Amino acid sequence: MAMRQTPLTCSGHTRPVVDLAFSGITPYGYFLISACKDGKPMLRQGDTGDWIGTFLGHKGAVWGATLNKEATKAATAAADFTAKVWDAVTGDETLTLAHKHIVKSVHFTQDSNHLLTGGNDKVLRIFDLSKPEADPQEIAGHTSAIKKALWCNNDTQILSAAEDKTVRLWDRSSMETVKTLAFDVAVSSMEYIADGEILVITYGKTIAFYDALSLDLIKTVDAPTSIHSASLHPEKDFFVAGGDDFKLYKYDYSTKEELESYKGHFGPVHCVRFSPDGELYASGSEDGTLRLWQTAVGKTYGLWKCVLPEELVSENSDTLYCPATEIKA
């Protein structure tokens, strides 16, 4: 008989969860940040979902959130026309980067020294975090709001997806477009896998995989519902996707076969990502929760034991605020 998937539920947010990201694996484990329309991004222990702290300071919905590899810095993109950079160990705000419109996307270079932002003013910006008072580099070309912007190819190039139904590859030094992909509908999400240079794009009901350097199509898979987000397993064995029908779908990457689908959320799934070790994937939903799902159901890992109670609820997750002194590294 098939093992029953028991997701860990992470509560605490009061509005839809619209973005999430994992750190790399650090000496303290790995970490998970969530962006929410409540304006209060949260940091959690990645393997258990345990709440560590809430970053307080934005005055509007937070649309994007990211951590650097070491989980020492966080960045957030918000509707208050700012991106903020935070000390992820103390929870302190270290920089506020003013923009001309709603900011949707933030991404650190691998050395954590530069931050790439994108949003509703259609311009990509590169901030030198060591010179925050200096004007950012600006890259124009998109004709509608930018949804996601990611460093790729060892931070020498940039991938961006916008409401203008294009994905563009840019050269960082020349700031010119190298290649453009055009779609019939707006792209809903984009994930870049450095190991193997794979780009995962979702649009409509389609999950598409591209070579990130050439933007040549590798394969597409059509899901039963409109998809908002998808993520490829670090070992490229599986990918997961979520969207309008509240379910999480897991597919075999090589055969494209649907392996499993799970309903746990009570609203559309806005974002899904595999952990850096590939042992779990996290989903964020319109229902205001994050859920953590096991890649190999029934394996003992994190808070999961081989025999499971009906529902596991992450420790500490109902505590919304915590003084900065309690935030553990």
# chains A, B, ... in the order shown; residues from 1 in each chain; ligands from 1

$ residues_around --residues "Arg291 in chain A" --least-positions-apart "3" --cutoff "12 Å" --atoms "only C-alpha atoms" --output "NGL selection string"
:A and (5-12 or 17 or 20 or 32 or 34 or 44 or 46-50 or 242 or 246-248 or 262-266 or 269-274 or 280-288 or 294 or 311-314 or 317)

$ closest_atom_pairs --of "range 214-280 of chain A" --to "range 190-204 of chain A" --cutoff "12 Å" --atoms "only C-alpha atoms" --output "JSON lines"
{"residue": "A:Ser214", "atom": "CA", "partner": "A:Glu197", "partner_atom": "CA", "distance": 9.5}
{"residue": "A:Leu215", "atom": "CA", "partner": "A:Leu199", "partner_atom": "CA", "distance": 8.0}
{"residue": "A:Asp216", "atom": "CA", "partner": "A:Leu199", "partner_atom": "CA", "distance": 9.8}
{"residue": "A:Leu217", "atom": "CA", "partner": "A:Leu199", "partner_atom": "CA", "distance": 9.3}
{"residue": "A:Ile218", "atom": "CA", "partner": "A:Ile198", "partner_atom": "CA", "distance": 8.8}
{"residue": "A:Lys219", "atom": "CA", "partner": "A:Val200", "partner_atom": "CA", "distance": 9.9}
{"residue": "A:Thr220", "atom": "CA", "partner": "A:Ile201", "partner_atom": "CA", "distance": 9.3}
{"residue": "A:Val221", "atom": "CA", "partner": "A:Thr202", "partner_atom": "CA", "distance": 9.7}
{"residue": "A:Asp222", "atom": "CA", "partner": "A:Gly204", "partner_atom": "CA", "distance": 8.9}
{"residue": "A:Ala223", "atom": "CA", "partner": "A:Gly204", "partner_atom": "CA", "distance": 9.1}
{"residue": "A:Pro224", "atom": "CA", "partner": "A:Gly204", "partner_atom": "CA", "distance": 10.3}
{"residue": "A:Thr225", "atom": "CA", "partner": "A:Gly204", "partner_atom": "CA", "distance": 8.2}
{"residue": "A:Ser226", "atom": "CA", "partner": "A:Gly204", "partner_atom": "CA", "distance": 5.2}
{"residue": "A:Ile227", "atom": "CA", "partner": "A:Gly204", "partner_atom": "CA", "distance": 6.1}
{"residue": "A:His228", "atom": "CA", "partner": "A:Thr202", "partner_atom": "CA", "distance": 6.6}
{"residue": "A:Ser229", "atom": "CA", "partner": "A:Thr202", "partner_atom": "CA", "distance": 6.2}
{"residue": "A:Ala230", "atom": "CA", "partner": "A:Thr202", "partner_atom": "CA", "distance": 6.8}
{"residue": "A:Ser231", "atom": "CA", "partner": "A:Glu191", "partner_atom": "CA", "distance": 6.7}
{"residue": "A:Leu232", "atom": "CA", "partner": "A:Val200", "partner_atom": "CA", "distance": 7.3}
{"residue": "A:His233", "atom": "CA", "partner": "A:Ile193", "partner_atom": "CA", "distance": 9.3}
{"residue": "A:Pro234", "atom": "CA", "partner": "A:Ile193", "partner_atom": "CA", "distance": 7.9}
{"residue": "A:Glu235", "atom": "CA", "partner": "A:Asp195", "partner_atom": "CA", "distance": 9.1}
{"residue": "A:Lys236", "atom": "CA", "partner": "A:Gly196", "partner_atom": "CA", "distance": 9.2}
{"residue": "A:Phe239", "atom": "CA", "partner": "A:Val200", "partner_atom": "CA", "distance": 9.6}
{"residue": "A:Val240", "atom": "CA", "partner": "A:Val200", "partner_atom": "CA", "distance": 10.8}
{"residue": "A:Ala241", "atom": "CA", "partner": "A:Thr202", "partner_atom": "CA", "distance": 8.9}
{"residue": "A:Gly242", "atom": "CA", "partner": "A:Thr202", "partner_atom": "CA", "distance": 10.1}
{"residue": "A:Gly243", "atom": "CA", "partner": "A:Gly204", "partner_atom": "CA", "distance": 9.7}
{"residue": "A:Asp244", "atom": "CA", "partner": "A:Gly204", "partner_atom": "CA", "distance": 10.3}
{"residue": "A:Tyr253", "atom": "CA", "partner": "A:Val200", "partner_atom": "CA", "distance": 11.6}
{"residue": "A:His270", "atom": "CA", "partner": "A:Thr202", "partner_atom": "CA", "distance": 11.6}
{"residue": "A:Cys271", "atom": "CA", "partner": "A:Met190", "partner_atom": "CA", "distance": 10.3}
{"residue": "A:Val272", "atom": "CA", "partner": "A:Glu191", "partner_atom": "CA", "distance": 10.0}
{"residue": "A:Arg273", "atom": "CA", "partner": "A:Glu191", "partner_atom": "CA", "distance": 8.8}
{"residue": "A:Phe274", "atom": "CA", "partner": "A:Glu191", "partner_atom": "CA", "distance": 10.7}
{"residue": "A:Pro276", "atom": "CA", "partner": "A:Ile193", "partner_atom": "CA", "distance": 10.9}

$ write_last_selection --atoms "N, CA and C atoms" --output "compact mmCIF listing (two decimals), in the first residue's frame"
# COMPACT_ATOMS: atom_id res chain seq x y z
N SER A 214 21.32 28.69 -23.85
CA SER A 214 20.91 28.90 -25.25
C SER A 214 19.43 29.27 -25.37
N LEU A 215 18.66 29.03 -24.30
CA LEU A 215 17.20 29.14 -24.30
C LEU A 215 16.55 28.18 -25.31
N ASP A 216 17.24 27.08 -25.62
CA ASP A 216 16.63 26.02 -26.44
C ASP A 216 15.69 25.20 -25.56
N LEU A 217 14.54 24.83 -26.11
CA LEU A 217 13.56 24.04 -25.38
C LEU A 217 14.06 22.61 -25.17
N ILE A 218 13.95 22.12 -23.95
CA ILE A 218 14.28 20.71 -23.65
C ILE A 218 13.01 19.87 -23.71
N LYS A 219 11.99 20.28 -22.95
CA LYS A 219 10.72 19.52 -22.96
C LYS A 219 9.62 20.36 -22.32
N THR A 220 8.37 19.99 -22.61
CA THR A 220 7.22 20.60 -21.92
C THR A 220 6.31 19.50 -21.40
N VAL A 221 5.59 19.83 -20.33
CA VAL A 221 4.60 18.93 -19.75
C VAL A 221 3.35 19.75 -19.49
N ASP A 222 2.19 19.19 -19.83
CA ASP A 222 0.94 19.89 -19.54
C ASP A 222 0.27 19.28 -18.32
N ALA A 223 -0.12 20.14 -17.40
CA ALA A 223 -0.76 19.72 -16.15
C ALA A 223 -2.28 19.84 -16.29
N PRO A 224 -3.03 19.25 -15.34
CA PRO A 224 -4.50 19.30 -15.43
C PRO A 224 -5.09 20.65 -15.04
N THR A 225 -4.28 21.57 -14.53
CA THR A 225 -4.80 22.84 -14.04
C THR A 225 -3.84 23.95 -14.42
N SER A 226 -4.30 25.17 -14.29
CA SER A 226 -3.43 26.32 -14.51
C SER A 226 -2.34 26.32 -13.44
N ILE A 227 -1.07 26.38 -13.85
CA ILE A 227 0.07 26.21 -12.95
C ILE A 227 0.69 27.57 -12.62
N HIS A 228 0.94 27.79 -11.33
CA HIS A 228 1.55 29.06 -10.90
C HIS A 228 3.04 28.92 -10.63
N SER A 229 3.51 27.69 -10.38
CA SER A 229 4.91 27.53 -9.99
C SER A 229 5.31 26.07 -10.17
N ALA A 230 6.60 25.86 -10.47
CA ALA A 230 7.14 24.50 -10.56
C ALA A 230 8.60 24.52 -10.13
N SER A 231 9.08 23.36 -9.69
CA SER A 231 10.46 23.26 -9.22
C SER A 231 11.03 21.91 -9.61
N LEU A 232 12.28 21.92 -10.06
CA LEU A 232 12.98 20.71 -10.47
C LEU A 232 13.86 20.21 -9.33
N HIS A 233 13.78 18.90 -9.05
CA HIS A 233 14.59 18.29 -7.99
C HIS A 233 16.09 18.49 -8.29
N PRO A 234 16.91 18.73 -7.25
CA PRO A 234 18.34 18.96 -7.49
C PRO A 234 19.03 17.84 -8.29
N GLU A 235 18.56 16.59 -8.12
CA GLU A 235 19.15 15.47 -8.88
C GLU A 235 18.48 15.27 -10.23
N LYS A 236 17.51 16.14 -10.56
CA LYS A 236 16.78 16.10 -11.84
C LYS A 236 15.92 14.83 -11.98
N PHE A 239 10.04 16.62 -10.83
CA PHE A 239 9.70 18.03 -10.62
C PHE A 239 8.31 18.08 -10.01
N VAL A 240 8.04 19.18 -9.32
CA VAL A 240 6.75 19.37 -8.68
C VAL A 240 6.14 20.67 -9.19
N ALA A 241 4.82 20.74 -9.15
CA ALA A 241 4.12 21.92 -9.65
C ALA A 241 2.83 22.11 -8.87
N GLY A 242 2.39 23.36 -8.78
CA GLY A 242 1.14 23.67 -8.09
C GLY A 242 0.45 24.84 -8.74
N GLY A 243 -0.87 24.91 -8.56
CA GLY A 243 -1.62 25.98 -9.20
C GLY A 243 -3.03 26.13 -8.68
N ASP A 244 -3.94 26.34 -9.63
CA ASP A 244 -5.30 26.76 -9.30
C ASP A 244 -6.14 25.73 -8.55
N TYR A 253 10.88 13.44 -14.13
CA TYR A 253 11.46 14.39 -15.09
C TYR A 253 11.80 13.73 -16.42
N HIS A 270 0.63 29.15 -4.89
CA HIS A 270 1.32 30.24 -5.60
C HIS A 270 2.80 29.97 -5.86
N CYS A 271 3.41 29.15 -5.01
CA CYS A 271 4.86 28.95 -5.14
C CYS A 271 5.23 27.57 -4.60
N VAL A 272 6.22 26.96 -5.24
CA VAL A 272 6.71 25.66 -4.78
C VAL A 272 8.20 25.58 -5.10
N ARG A 273 8.99 25.05 -4.14
CA ARG A 273 10.44 24.91 -4.33
C ARG A 273 10.95 23.67 -3.60
N PHE A 274 11.89 22.96 -4.23
CA PHE A 274 12.59 21.89 -3.55
C PHE A 274 13.62 22.46 -2.60
N PRO A 276 17.35 22.40 -0.73
CA PRO A 276 18.65 22.21 -1.39
C PRO A 276 19.15 20.76 -1.35

$ residues_around --residues "range 79-96 of chain A" --least-positions-apart "6" --cutoff "6 Å" --atoms "only C-alpha atoms" --output "number ranges by chain"
A: 55, 59-61, 72-73, 102-103, 324, 329

$ select_by_dssp --residues "range 19-115 of chain A" --states "strand (DSSP E)" --output "PyMOL selection string"
chain A and resi 19-22+31-36+42-45+51-54+62-67+73-78+82-87+93-98+103-108+114-115

$ closest_residue --among "A:Gln45, A:Gly53, A:Pro27, A:Thr166" --to "Leu303 in chain A" --atoms "only C-alpha atoms"
A:Gln45

$ atom_distance --atom1 "CA of Val297 in chain A" --atom2 "CA of Pro268 in chain A"
22.7 Å

$ residues_around --residues "Ser173 in chain A" --least-positions-apart "4" --cutoff "12 Å" --atoms "only C-alpha atoms" --output "number ranges by chain"
A: 126, 137-139, 155-158, 177-178

$ write_last_selection --atoms "N, CA and C atoms" --output "PDB file, in the first residue's frame"
ATOM      1  N   ILE A 126      20.540  46.636 -10.786  1.00  0.00           N
ATOM      2  CA  ILE A 126      21.612  45.937 -10.078  1.00  0.00           C
ATOM      3  C   ILE A 126      22.187  46.905  -9.050  1.00  0.00           C
ATOM      4  N   GLN A 137      22.755  50.119 -11.461  1.00  0.00           N
ATOM      5  CA  GLN A 137      22.734  49.947 -12.920  1.00  0.00           C
ATOM      6  C   GLN A 137      21.300  49.641 -13.310  1.00  0.00           C
ATOM      7  N   GLU A 138      20.838  50.196 -14.411  1.00  0.00           N
ATOM      8  CA  GLU A 138      19.462  49.951 -14.856  1.00  0.00           C
ATOM      9  C   GLU A 138      19.468  49.349 -16.249  1.00  0.00           C
ATOM     10  N   ILE A 139      18.648  48.318 -16.429  1.00  0.00           N
ATOM     11  CA  ILE A 139      18.543  47.631 -17.717  1.00  0.00           C
ATOM     12  C   ILE A 139      17.086  47.679 -18.158  1.00  0.00           C
ATOM     13  N   ASP A 155      26.599  34.446 -12.682  1.00  0.00           N
ATOM     14  CA  ASP A 155      26.324  35.869 -12.476  1.00  0.00           C
ATOM     15  C   ASP A 155      26.807  36.755 -13.621  1.00  0.00           C
ATOM     16  N   THR A 156      27.103  36.153 -14.784  1.00  0.00           N
ATOM     17  CA  THR A 156      27.506  36.955 -15.947  1.00  0.00           C
ATOM     18  C   THR A 156      26.295  37.328 -16.804  1.00  0.00           C
ATOM     19  N   GLN A 157      25.174  36.635 -16.578  1.00  0.00           N
ATOM     20  CA  GLN A 157      23.962  36.911 -17.349  1.00  0.00           C
ATOM     21  C   GLN A 157      22.753  36.976 -16.421  1.00  0.00           C
ATOM     22  N   ILE A 158      21.660  37.499 -16.952  1.00  0.00           N
ATOM     23  CA  ILE A 158      20.423  37.675 -16.189  1.00  0.00           C
ATOM     24  C   ILE A 158      19.267  37.103 -17.003  1.00  0.00           C
ATOM     25  N   THR A 177      20.125  42.534 -24.551  1.00  0.00           N
ATOM     26  CA  THR A 177      19.420  41.261 -24.658  1.00  0.00           C
ATOM     27  C   THR A 177      20.215  40.307 -25.546  1.00  0.00           C
ATOM     28  N   VAL A 178      20.410  39.076 -25.053  1.00  0.00           N
ATOM     29  CA  VAL A 178      21.084  38.043 -25.836  1.00  0.00           C
ATOM     30  C   VAL A 178      20.045  37.251 -26.624  1.00  0.00           C
TER      31      VAL A 178
END
